[in-house]
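Enquirer: Sharing a structure here in structure tokens format.
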Amino acid sequence: MASIELRGVSKRYPNGLYGVRDIDLKIRDGEFVIFLGPSGCGKSTTLRLIAGLESVTSGDLLIGDQSMVGVPPRDRDVAVVFQSYALYPHMTVAANMAFGLKMRKMPRREIATRVDRAADLLGLSHLLTRKPAALSGGQRQRVALGRAIVREPKVFLFDEPLSNLDAQLRAEMRLELVKLHRRLGRTIIHVTHDQIEAMTMGDRICIMREGRLIQSGPPLEVYANPVDTFVARFLSSPPMNLLPAHLEVDGDGLTVKLGEAIRLAVPERHVPAYRAVAGRPVTFGLRPEDIHEQPPAPTQQGFEVQVVALEALGAETNLVAQPTASGALPEITARLGRQARARTGETVTLYPDLLSMHLFDPETGAVIPRPPLDAPR
Amino acid sequence: MASIELRGVSKRYPNGLYGVRDIDLKIRDGEFVIFLGPSGCGKSTTLRLIAGLESVTSGDLLIGDQSMVGVPPRDRDVAVVFQSYALYPHMTVAANMAFGLKMRKMPRREIATRVDRAADLLGLSHLLTRKPAALSGGQRQRVALGRAIVREPKVFLFDEPLSNLDAQLRAEMRLELVKLHRRLGRTIIHVTHDQIEAMTMGDRICIMREGRLIQSGPPLEVYANPVDTFVARFLSSPPMNLLPAHLEVDGDGLTVKLGEAIRLAVPERHVPAYRAVAGRPVTFGLRPEDIHEQPPAPTQQGFEVQVVALEALGAETNLVAQPTASGALPEITARLGRQARARTGETVTLYPDLLSMHLFDPETGAVIPRPPLDAPR
Amino acid sequence: MTDSAGQGRGSGLRLLLTHALLILVCLVILLPLLWVLRVSLLPPSLSYSTDLSAPLSLVNFESLFSGRFPRSYLNSLVVATGSVLLALPFAAATGYAFARFTTGGAVARFSVLATQMLPPVVIALPIFQMFQTLDLSNTLTGLILAYAALNLPFLTWILMGFFKGIPVDLEWAAMTDGATAWGAFWRVVLPVSLPGLAAAGVLGFILAWNEFLFALILSGPNTATIPVALAALQTSNGIQIGDVAAGVVLAVLPLMIASRFIQRFIVEGLTLGSVK
Amino acid sequence: MTDSAGQGRGSGLRLLLTHALLILVCLVILLPLLWVLRVSLLPPSLSYSTDLSAPLSLVNFESLFSGRFPRSYLNSLVVATGSVLLALPFAAATGYAFARFTTGGAVARFSVLATQMLPPVVIALPIFQMFQTLDLSNTLTGLILAYAALNLPFLTWILMGFFKGIPVDLEWAAMTDGATAWGAFWRVVLPVSLPGLAAAGVLGFILAWNEFLFALILSGPNTATIPVALAALQTSNGIQIGDVAAGVVLAVLPLMIASRFIQRFIVEGLTLGSVK
């Protein structure tokens, strides 16, 4: 009953600019969907369109199979948690949480029960009589969440609710939101620009850029099979290495040629897919964790690099290195274990795991399709 | 010549509150030091004391062996890069960078040479005639850096200069600052609240909390040997697991008892150090990456947990789990490879690597010292 | 919280100069007022005396209260309060519309500001004409209307700034919580804006309370406000400086008291929407 | 950028109401002005005519220019400009001190604001006394001084708000870059504040340009400013409504032109330090 469907939804502003453009998306009842993208990509606008806080210019928007065009926010049965929390500063925590129920003319007893239950759940019971100004950032965030929960809406819309919290609290709240979703089973749309939130919280990521939806799918599938270089770089930190390359025919197989001297054989299972672009310049992509100090398979070729910097993070080490082969290649990043043995300035051999390689069109950045790998899980 | 020394430095405000308190710290010439701490811990205040923008209330502050008490900022030969960048909005990029040299009455030719060189280095040459308002965030950050570089000061002070950049740019600038330090060889103090910056950029971390310096040392040493639970949790994400425990004598050895049922033998090499606290309640600490799905050594005991959530980040997987043994134990986090096999809701056995264990005093949070492990590198 | 001391030898001298300047400015501002206060408490015969030990007396106030002054006082209260209460709702609605919507564009906003720049004398004339026609001159109703018109653009401008400072998220939250647009304004925006409304109201009150020109043109003996009454004291019977000084003190008194009470609101309100 | 449409059926009606209200307010504000403009362009015989097709003429302006009006115009320009130039440096220094240091505390800040609340009549009297003693009444110098005193607290308050909006980081950057505290103020804070200073200056100019009471008390025939001249037209020779209307139009003209030019500065300046 609380599925959400966007059919060719666009939002055009009076100045002619588009907030979002031609969004087609179907969200199942009970799904936890992440809208991910850099600032200004239209993800918050889409959220506001669903909430009815801005009006759709063209296309149709359905919640629970009913068109929402012209339906005011109060009749859509959605709850929004804003980045600023938007707590009513003149009301106590309890009144903040009760406001939506009062507006819906719920009996006072029932309101009190619901507020108490939500406050219990979120550990806010001792704060009910405080005003928002007297709360810490984390507490405000919980009140905003509580205000959404008590209403038991069909859909929760989260607009970067974690971005004002410090790292530790953010990690905790990430987990709590996931648990909350599991308990309530409601549809949730969570907007964020944080890759970790995107990867870990939802059933599905929708990646937006410049007002358009460019890829949508389960996090690990999107991670393993990005549709273009933007997604490839945006979804992890450190981002995917992208190198200008040339794809050459080599007998029955194919070879990726990087710079003047580095030649890497394309794994057999990718050859059929890539044969069509043989002889052309391509962008070669490989994630930092797919580059190793030891060959992943005995036959794997490596290439020499000079270590530019080591970022030892305690649990892992990022190695930044300059391929030594001639031809202007950019620096690459490899993600090694915490026992990495390379030293800054040294020349070492790195071994790429080409099963995970990607090729992109150097002009458009679009991926050159190959059969997807199974996601790691 | 550009060492920095703080001798019992305190800053007390007219309202009686301390900004920083009793800081003793010696920074070598050419060292890259990170001040790390949560907001309000006094790290930026310390920076401003060194720059002379606030006055020291008690104690002595030396730059290059000269006391700086009463010396105005302009005579300290330090350059500050502010979090807000603090570019002069009415001047062009070139004028911004030239301002400090003009103030020092350098000949115009020399100014132009230096500005051009710095602009080249930072890729700002095409922006020299622009005003700051016409620049992107990353460009402003570079101009602020350029303004500091052209002066060739003895000391660079960076006050969270990366915190307003997006994740990708932040990662790039991290590396560039490290390279810059390598090239210029000047003393740098870099203030941040970001654990990744702290771990990867500097020769030494100084961790501050509530106006005091609580630990200082090379990043990996601090990571491996935190002095208290605050440092233990603050320095990594996900933070160190901390569990209430009891240390019991078991023949010649010691056993850590978690809850009612989990008993883990303390490795022999730690037994002498921990024998003094045997029989007492302790806080048991273990980092997420020291908990495995497979026993690290054949004899290692494991314990059963129920998987609460899996955070698959693509390159790795964080597993959040509830120990199933009776006794109210908090959830623990384990950092597993990307091929982690556990599923949410399952009961699995996890194997801690007790060589990396820590014990803390449950009252004060202070570490119970043991011989330090060698840092991984 | 921040002090920029610690800039070496220069800082002591600089601090001294700053203080000296501040004291000078304060004296320039305050001395005339203190002089008026002193004169009001001296018997008329000693008005021009420079003897600081002269005995104080309330005779000026007594003489003032036996005349028409209490009536003027009441008139001023009614007119100032009435005009603010009349103008505030309109100013709030317009200011809110200006702050939230693009309605009218910069032109509408600027023309509101521009009317603030007209010499009051300019408006006084047509208003006098209109009031003659409508039989409103020499009535308190007329003065209230005139001052409401005077206050309207001023209050609109102030409140526009204040409403701009209130995050639209608050209204959005109320609207998804089940409120209509009007409900969001009434239950959330308005209560949150109370400091701003109070501050604007006080400023409007002061504007009306102090206004002289309109009061002179539009009022008669029975509807004279305080500034007119004070002026009359100065001109009609020769300068009775003691009475005038006493009247001035009384005129300032409620402003001082009121503003002291709502100082917090004014400062909050004028930082334009420090909601958080 | 944000429109809150899409709230269903209510929104059309609401939009209509908003617009109706805005148009009403604009009319209330603008109609009297349009009426004055029209009268100024009609020959005196047609001043009260309601015939919209009456031929326009410049006879009122010609008559005005043959009298003392040009002199008053010049007086007003000199007095308003002079007083602002005199008050601005002091106001800037005090406002800066108030914004950056805790000097004087809330009391000093509030007493500056409080003087703004005094009825001008209150200050007029002691100033008149002083000027008599100092031989300053009936001189332009006296008016400049009086208006500077009037402007000082007002400008201080405005500029304090503006300086508060300028991040202290800018000064710190200049100071580590080698500037003295004074150098940082002069080379960085002041240039950055130019929009604020311009806005404050214009507001102060308008305040002085429009002021009537002081001008009436402190000026003589040769030093009369525009408001006084306009009032004289209304009272001395009977009401010459055509002349008055023409005078009003001329009085408003420079304000309109100036404010149009610096509208951007005013809006920027009044958003109090939108540096970035």
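Scheme for the structure tokens: letters A, B, ... for chains in order shown; per-chain residue numbers from 1; ligand numbers from 1 in order shown.
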Each residue of chain B lying at most 8 Å from chain D should get a row with its shortest atom-to-atom pair and the distance in Å to one decimal, counting only C-alpha atoms; could you produce that, ordered by chain and increasing number, as a Markdown table?
Expert:
```
| residue | atom | partner | partner_atom | distance |
| --- | --- | --- | --- | --- |
| B:Ala51 | CA | D:Thr176 | CA | 7.2 |
| B:Leu53 | CA | D:Trp172 | CA | 6.6 |
| B:Pro73 | CA | D:Thr176 | CA | 5.0 |
| B:Arg74 | CA | D:Gly178 | CA | 4.1 |
| B:Asp75 | CA | D:Gly178 | CA | 7.1 |
| B:Arg76 | CA | D:Thr176 | CA | 7.9 |
| B:Asp77 | CA | D:Thr176 | CA | 7.6 |
| B:Val78 | CA | D:Thr176 | CA | 6.7 |
| B:Ala79 | CA | D:Thr176 | CA | 6.1 |
| B:Val80 | CA | D:Ala173 | CA | 6.9 |
| B:Phe82 | CA | D:Asp169 | CA | 7.1 |
| B:Ser84 | CA | D:Asp169 | CA | 7.5 |
| B:Ala86 | CA | D:Leu170 | CA | 4.9 |
| B:Leu87 | CA | D:Leu170 | CA | 6.9 |
| B:Tyr88 | CA | D:Leu170 | CA | 6.7 |
| B:Pro89 | CA | D:Val192 | CA | 6.9 |
| B:His90 | CA | D:Val192 | CA | 6.2 |
| B:Phe99 | CA | D:Asp177 | CA | 7.1 |
| B:Gly100 | CA | D:Asp177 | CA | 4.4 |
| B:Leu101 | CA | D:Asp177 | CA | 7.8 |
| B:Met103 | CA | D:Gly178 | CA | 5.5 |
| B:Arg104 | CA | D:Gly178 | CA | 6.5 |
| B:Ala133 | CA | D:Lys276 | CA | 7.0 |
```
Enquirer: Go ahead and write the residues just picked, N, CA and C atoms, as a compact mmCIF listing (two decimals), in the first residue's frame.
Expert:
```txt
# COMPACT_ATOMS: atom_id res chain seq x y z
N ALA B 51 50.07 31.11 16.92
CA ALA B 51 50.09 32.18 15.92
C ALA B 51 50.12 33.56 16.57
N LEU B 53 47.41 34.97 17.88
CA LEU B 53 46.11 35.60 17.70
C LEU B 53 45.34 35.62 19.01
N PRO B 73 51.52 38.70 16.08
CA PRO B 73 51.50 37.67 15.04
C PRO B 73 52.41 38.02 13.86
N ARG B 74 52.44 39.31 13.49
CA ARG B 74 53.20 39.67 12.29
C ARG B 74 54.69 39.42 12.43
N ASP B 75 55.18 39.35 13.68
CA ASP B 75 56.61 39.13 13.87
C ASP B 75 56.96 37.69 14.20
N ARG B 76 55.98 36.78 14.08
CA ARG B 76 56.29 35.40 14.45
C ARG B 76 56.68 34.55 13.25
N ASP B 77 56.49 35.09 12.05
CA ASP B 77 56.82 34.37 10.83
C ASP B 77 56.11 33.03 10.73
N VAL B 78 54.81 33.05 11.03
CA VAL B 78 53.99 31.85 10.84
C VAL B 78 52.91 32.20 9.82
N ALA B 79 52.41 31.18 9.13
CA ALA B 79 51.30 31.40 8.21
C ALA B 79 50.16 30.47 8.63
N VAL B 80 48.97 31.02 8.64
CA VAL B 80 47.81 30.24 9.07
C VAL B 80 46.90 30.03 7.86
N PHE B 82 43.09 29.11 7.40
CA PHE B 82 41.91 28.99 8.24
C PHE B 82 40.88 28.04 7.63
N SER B 84 37.82 28.67 7.29
CA SER B 84 36.98 29.46 6.39
C SER B 84 37.79 30.01 5.22
N ALA B 86 39.37 32.48 4.84
CA ALA B 86 39.62 33.88 5.15
C ALA B 86 40.33 34.61 4.03
N LEU B 87 39.91 34.36 2.80
CA LEU B 87 40.46 35.12 1.69
C LEU B 87 39.92 36.54 1.74
N TYR B 88 40.76 37.50 1.36
CA TYR B 88 40.31 38.89 1.33
C TYR B 88 39.35 39.05 0.17
N PRO B 89 38.07 39.27 0.44
CA PRO B 89 37.09 39.20 -0.66
C PRO B 89 37.22 40.33 -1.67
N HIS B 90 37.87 41.42 -1.29
CA HIS B 90 37.96 42.56 -2.22
C HIS B 90 39.21 42.52 -3.07
N PHE B 99 49.62 39.83 -0.66
CA PHE B 99 49.39 40.73 0.47
C PHE B 99 50.50 40.65 1.54
N GLY B 100 50.79 39.41 1.94
CA GLY B 100 51.78 39.23 3.01
C GLY B 100 53.17 39.72 2.61
N LEU B 101 53.49 39.58 1.32
CA LEU B 101 54.81 40.02 0.85
C LEU B 101 54.86 41.53 0.78
N MET B 103 53.17 43.54 2.67
CA MET B 103 53.27 44.01 4.06
C MET B 103 54.72 43.98 4.53
N ARG B 104 55.48 43.04 3.97
CA ARG B 104 56.88 42.92 4.37
C ARG B 104 57.78 43.73 3.45
N ALA B 133 35.10 35.30 -4.63
CA ALA B 133 33.70 34.92 -4.77
C ALA B 133 33.46 34.10 -6.04
```
Enquirer: Mind listing the strand (DSSP E) residues of range 66-144 of chain A, per DSSP on the backbone, as number ranges by chain?
Expert: A: 66-67, 78-81
Enquirer: Write out as an mmCIF file with N, CA, C and O atoms, in the first residue's frame which residues come within 10 Å of range 362-368 of chain B when counting only C-alpha atoms, dropping same-chain ones fewer than 4 positions away.
Expert:
```
data_model
loop_
_atom_site.group_PDB
_atom_site.id
_atom_site.type_symbol
_atom_site.label_atom_id
_atom_site.label_comp_id
_atom_site.auth_asym_id
_atom_site.auth_seq_id
_atom_site.Cartn_x
_atom_site.Cartn_y
_atom_site.Cartn_z
ATOM 1 N N ASN B 225 48.610 1.686 20.825
ATOM 2 C CA ASN B 225 48.756 1.773 22.273
ATOM 3 C C ASN B 225 48.055 3.004 22.843
ATOM 4 O O ASN B 225 48.682 3.922 23.348
ATOM 5 N N PRO B 226 46.741 3.055 22.746
ATOM 6 C CA PRO B 226 46.022 4.234 23.258
ATOM 7 C C PRO B 226 46.147 4.330 24.774
ATOM 8 O O PRO B 226 46.147 3.304 25.452
ATOM 9 N N VAL B 227 46.238 5.567 25.285
ATOM 10 C CA VAL B 227 46.404 5.720 26.740
ATOM 11 C C VAL B 227 45.087 5.596 27.491
ATOM 12 O O VAL B 227 45.083 5.394 28.702
ATOM 13 N N ASP B 228 43.959 5.785 26.822
ATOM 14 C CA ASP B 228 42.698 5.602 27.545
ATOM 15 C C ASP B 228 41.578 5.242 26.561
ATOM 16 O O ASP B 228 41.802 5.171 25.347
ATOM 17 N N THR B 229 40.399 5.023 27.091
ATOM 18 C CA THR B 229 39.288 4.568 26.252
ATOM 19 C C THR B 229 38.868 5.651 25.267
ATOM 20 O O THR B 229 38.390 5.343 24.182
ATOM 21 N N PHE B 230 39.055 6.943 25.648
ATOM 22 C CA PHE B 230 38.692 8.007 24.717
ATOM 23 C C PHE B 230 39.518 7.899 23.442
ATOM 24 O O PHE B 230 38.991 7.875 22.326
ATOM 25 N N VAL B 231 40.833 7.833 23.581
ATOM 26 C CA VAL B 231 41.710 7.709 22.417
ATOM 27 C C VAL B 231 41.388 6.425 21.662
ATOM 28 O O VAL B 231 41.336 6.400 20.432
ATOM 29 N N ALA B 232 41.160 5.348 22.424
ATOM 30 C CA ALA B 232 40.898 4.050 21.804
ATOM 31 C C ALA B 232 39.687 4.130 20.878
ATOM 32 O O ALA B 232 39.692 3.577 19.785
ATOM 33 N N LEU B 243 34.328 -3.744 26.319
ATOM 34 C CA LEU B 243 33.384 -4.625 26.996
ATOM 35 C C LEU B 243 33.733 -4.689 28.477
ATOM 36 O O LEU B 243 34.920 -4.792 28.837
ATOM 37 N N PRO B 244 32.731 -4.665 29.336
ATOM 38 C CA PRO B 244 33.009 -4.876 30.761
ATOM 39 C C PRO B 244 33.483 -6.316 30.953
ATOM 40 O O PRO B 244 32.924 -7.238 30.375
ATOM 41 N N ALA B 245 34.505 -6.486 31.736
ATOM 42 C CA ALA B 245 35.094 -7.822 31.871
ATOM 43 C C ALA B 245 35.664 -8.007 33.270
ATOM 44 O O ALA B 245 35.719 -7.055 34.067
ATOM 45 N N ALA B 273 52.386 -8.294 32.787
ATOM 46 C CA ALA B 273 51.924 -6.918 32.949
ATOM 47 C C ALA B 273 50.551 -6.858 33.604
ATOM 48 O O ALA B 273 50.269 -5.947 34.390
ATOM 49 N N TYR B 274 49.706 -7.820 33.294
ATOM 50 C CA TYR B 274 48.333 -7.747 33.769
ATOM 51 C C TYR B 274 48.130 -8.443 35.110
ATOM 52 O O TYR B 274 47.063 -8.345 35.702
ATOM 53 N N ALA B 276 49.026 -7.772 37.961
ATOM 54 C CA ALA B 276 48.756 -6.855 39.068
ATOM 55 C C ALA B 276 47.264 -6.546 39.216
ATOM 56 O O ALA B 276 46.798 -6.229 40.312
ATOM 57 N N VAL B 277 46.511 -6.597 38.148
ATOM 58 C CA VAL B 277 45.090 -6.255 38.257
ATOM 59 C C VAL B 277 44.202 -7.506 38.276
ATOM 60 O O VAL B 277 42.984 -7.400 38.158
ATOM 61 N N ARG B 280 40.207 -8.250 39.385
ATOM 62 C CA ARG B 280 39.472 -6.985 39.389
ATOM 63 C C ARG B 280 38.613 -6.830 38.146
ATOM 64 O O ARG B 280 38.912 -7.418 37.103
ATOM 65 N N PRO B 281 37.544 -6.041 38.223
ATOM 66 C CA PRO B 281 36.804 -5.716 36.995
ATOM 67 C C PRO B 281 37.662 -4.806 36.126
ATOM 68 O O PRO B 281 38.365 -3.928 36.636
ATOM 69 N N VAL B 282 37.588 -5.037 34.839
ATOM 70 C CA VAL B 282 38.357 -4.225 33.893
ATOM 71 C C VAL B 282 37.467 -3.934 32.691
ATOM 72 O O VAL B 282 36.380 -4.493 32.548
ATOM 73 N N THR B 283 37.929 -3.024 31.842
ATOM 74 C CA THR B 283 37.286 -2.843 30.540
ATOM 75 C C THR B 283 38.190 -3.478 29.501
ATOM 76 O O THR B 283 39.377 -3.154 29.418
ATOM 77 N N PHE B 284 37.617 -4.411 28.755
ATOM 78 C CA PHE B 284 38.376 -5.166 27.762
ATOM 79 C C PHE B 284 38.197 -4.485 26.410
ATOM 80 O O PHE B 284 37.073 -4.217 25.985
ATOM 81 N N GLY B 285 39.299 -4.177 25.748
ATOM 82 C CA GLY B 285 39.209 -3.475 24.471
ATOM 83 C C GLY B 285 39.847 -4.255 23.340
ATOM 84 O O GLY B 285 40.928 -4.817 23.509
ATOM 85 N N HIS B 358 43.531 -4.911 24.813
ATOM 86 C CA HIS B 358 43.854 -3.847 25.760
ATOM 87 C C HIS B 358 42.981 -4.003 26.984
ATOM 88 O O HIS B 358 41.858 -4.501 26.889
#
```
Enquirer: May I ask which of the residues B:Arg174, B:Arg12, B:Arg275, B:Arg209 is the closest one to chain A, counting only C-alpha atoms?
Expert: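 Nearest candidate to chain A out of B:Arg174, B:Arg12, B:Arg275, B:Arg209: B:Arg174.
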Enquirer: Skipping near chain neighbours, those fewer than 5 positions away, what residues fall within 7 Å of Ser57 in chain C using only C-alpha atoms, listed as a ChimeraX atom specification?
Expert: /C:41-43
Enquirer: From the options A:Ile189, A:Ala312, A:Val320, A:Ile23, which residue's atoms come nearest to Asp203 in chain B, counting only C-alpha atoms?
Expert: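 Using only C-alpha atoms, Asp203 in chain B sits closest to A:Ala312.
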Enquirer: Output as a PyMOL selection string the set of chain A residues within 6 Å of chain B, with distances taken over only C-alpha atoms.
Expert: chain A and resi 199-200+311-313+339+376
Enquirer: Any chance you could export the current selection's N, CA and C atoms as a PDB file, in the first residue's frame?
Expert:
```pdb
ATOM      1  N   MET A 199      26.228   2.654   1.058  1.00  0.00           N
ATOM      2  CA  MET A 199      26.573   1.250   0.900  1.00  0.00           C
ATOM      3  C   MET A 199      25.929   0.383   1.974  1.00  0.00           C
ATOM      4  N   THR A 200      25.795   0.916   3.191  1.00  0.00           N
ATOM      5  CA  THR A 200      25.470   0.028   4.308  1.00  0.00           C
ATOM      6  C   THR A 200      24.006   0.046   4.727  1.00  0.00           C
ATOM      7  N   GLU A 311      49.412   5.760   3.141  1.00  0.00           N
ATOM      8  CA  GLU A 311      48.494   6.252   4.157  1.00  0.00           C
ATOM      9  C   GLU A 311      48.117   5.073   5.034  1.00  0.00           C
ATOM     10  N   ALA A 312      48.790   4.993   6.180  1.00  0.00           N
ATOM     11  CA  ALA A 312      48.534   3.875   7.088  1.00  0.00           C
ATOM     12  C   ALA A 312      47.378   4.238   8.003  1.00  0.00           C
ATOM     13  N   LEU A 313      46.262   3.557   7.833  1.00  0.00           N
ATOM     14  CA  LEU A 313      45.067   3.911   8.600  1.00  0.00           C
ATOM     15  C   LEU A 313      44.911   3.044   9.835  1.00  0.00           C
ATOM     16  N   GLN A 339      49.671  -4.915   6.960  1.00  0.00           N
ATOM     17  CA  GLN A 339      51.070  -5.359   7.000  1.00  0.00           C
ATOM     18  C   GLN A 339      51.811  -4.979   5.719  1.00  0.00           C
ATOM     19  N   PRO A 376      30.126  -9.737  -4.267  1.00  0.00           N
ATOM     20  CA  PRO A 376      30.823 -10.579  -3.285  1.00  0.00           C
ATOM     21  C   PRO A 376      29.844 -11.386  -2.419  1.00  0.00           C
TER      22      PRO A 376
END
```
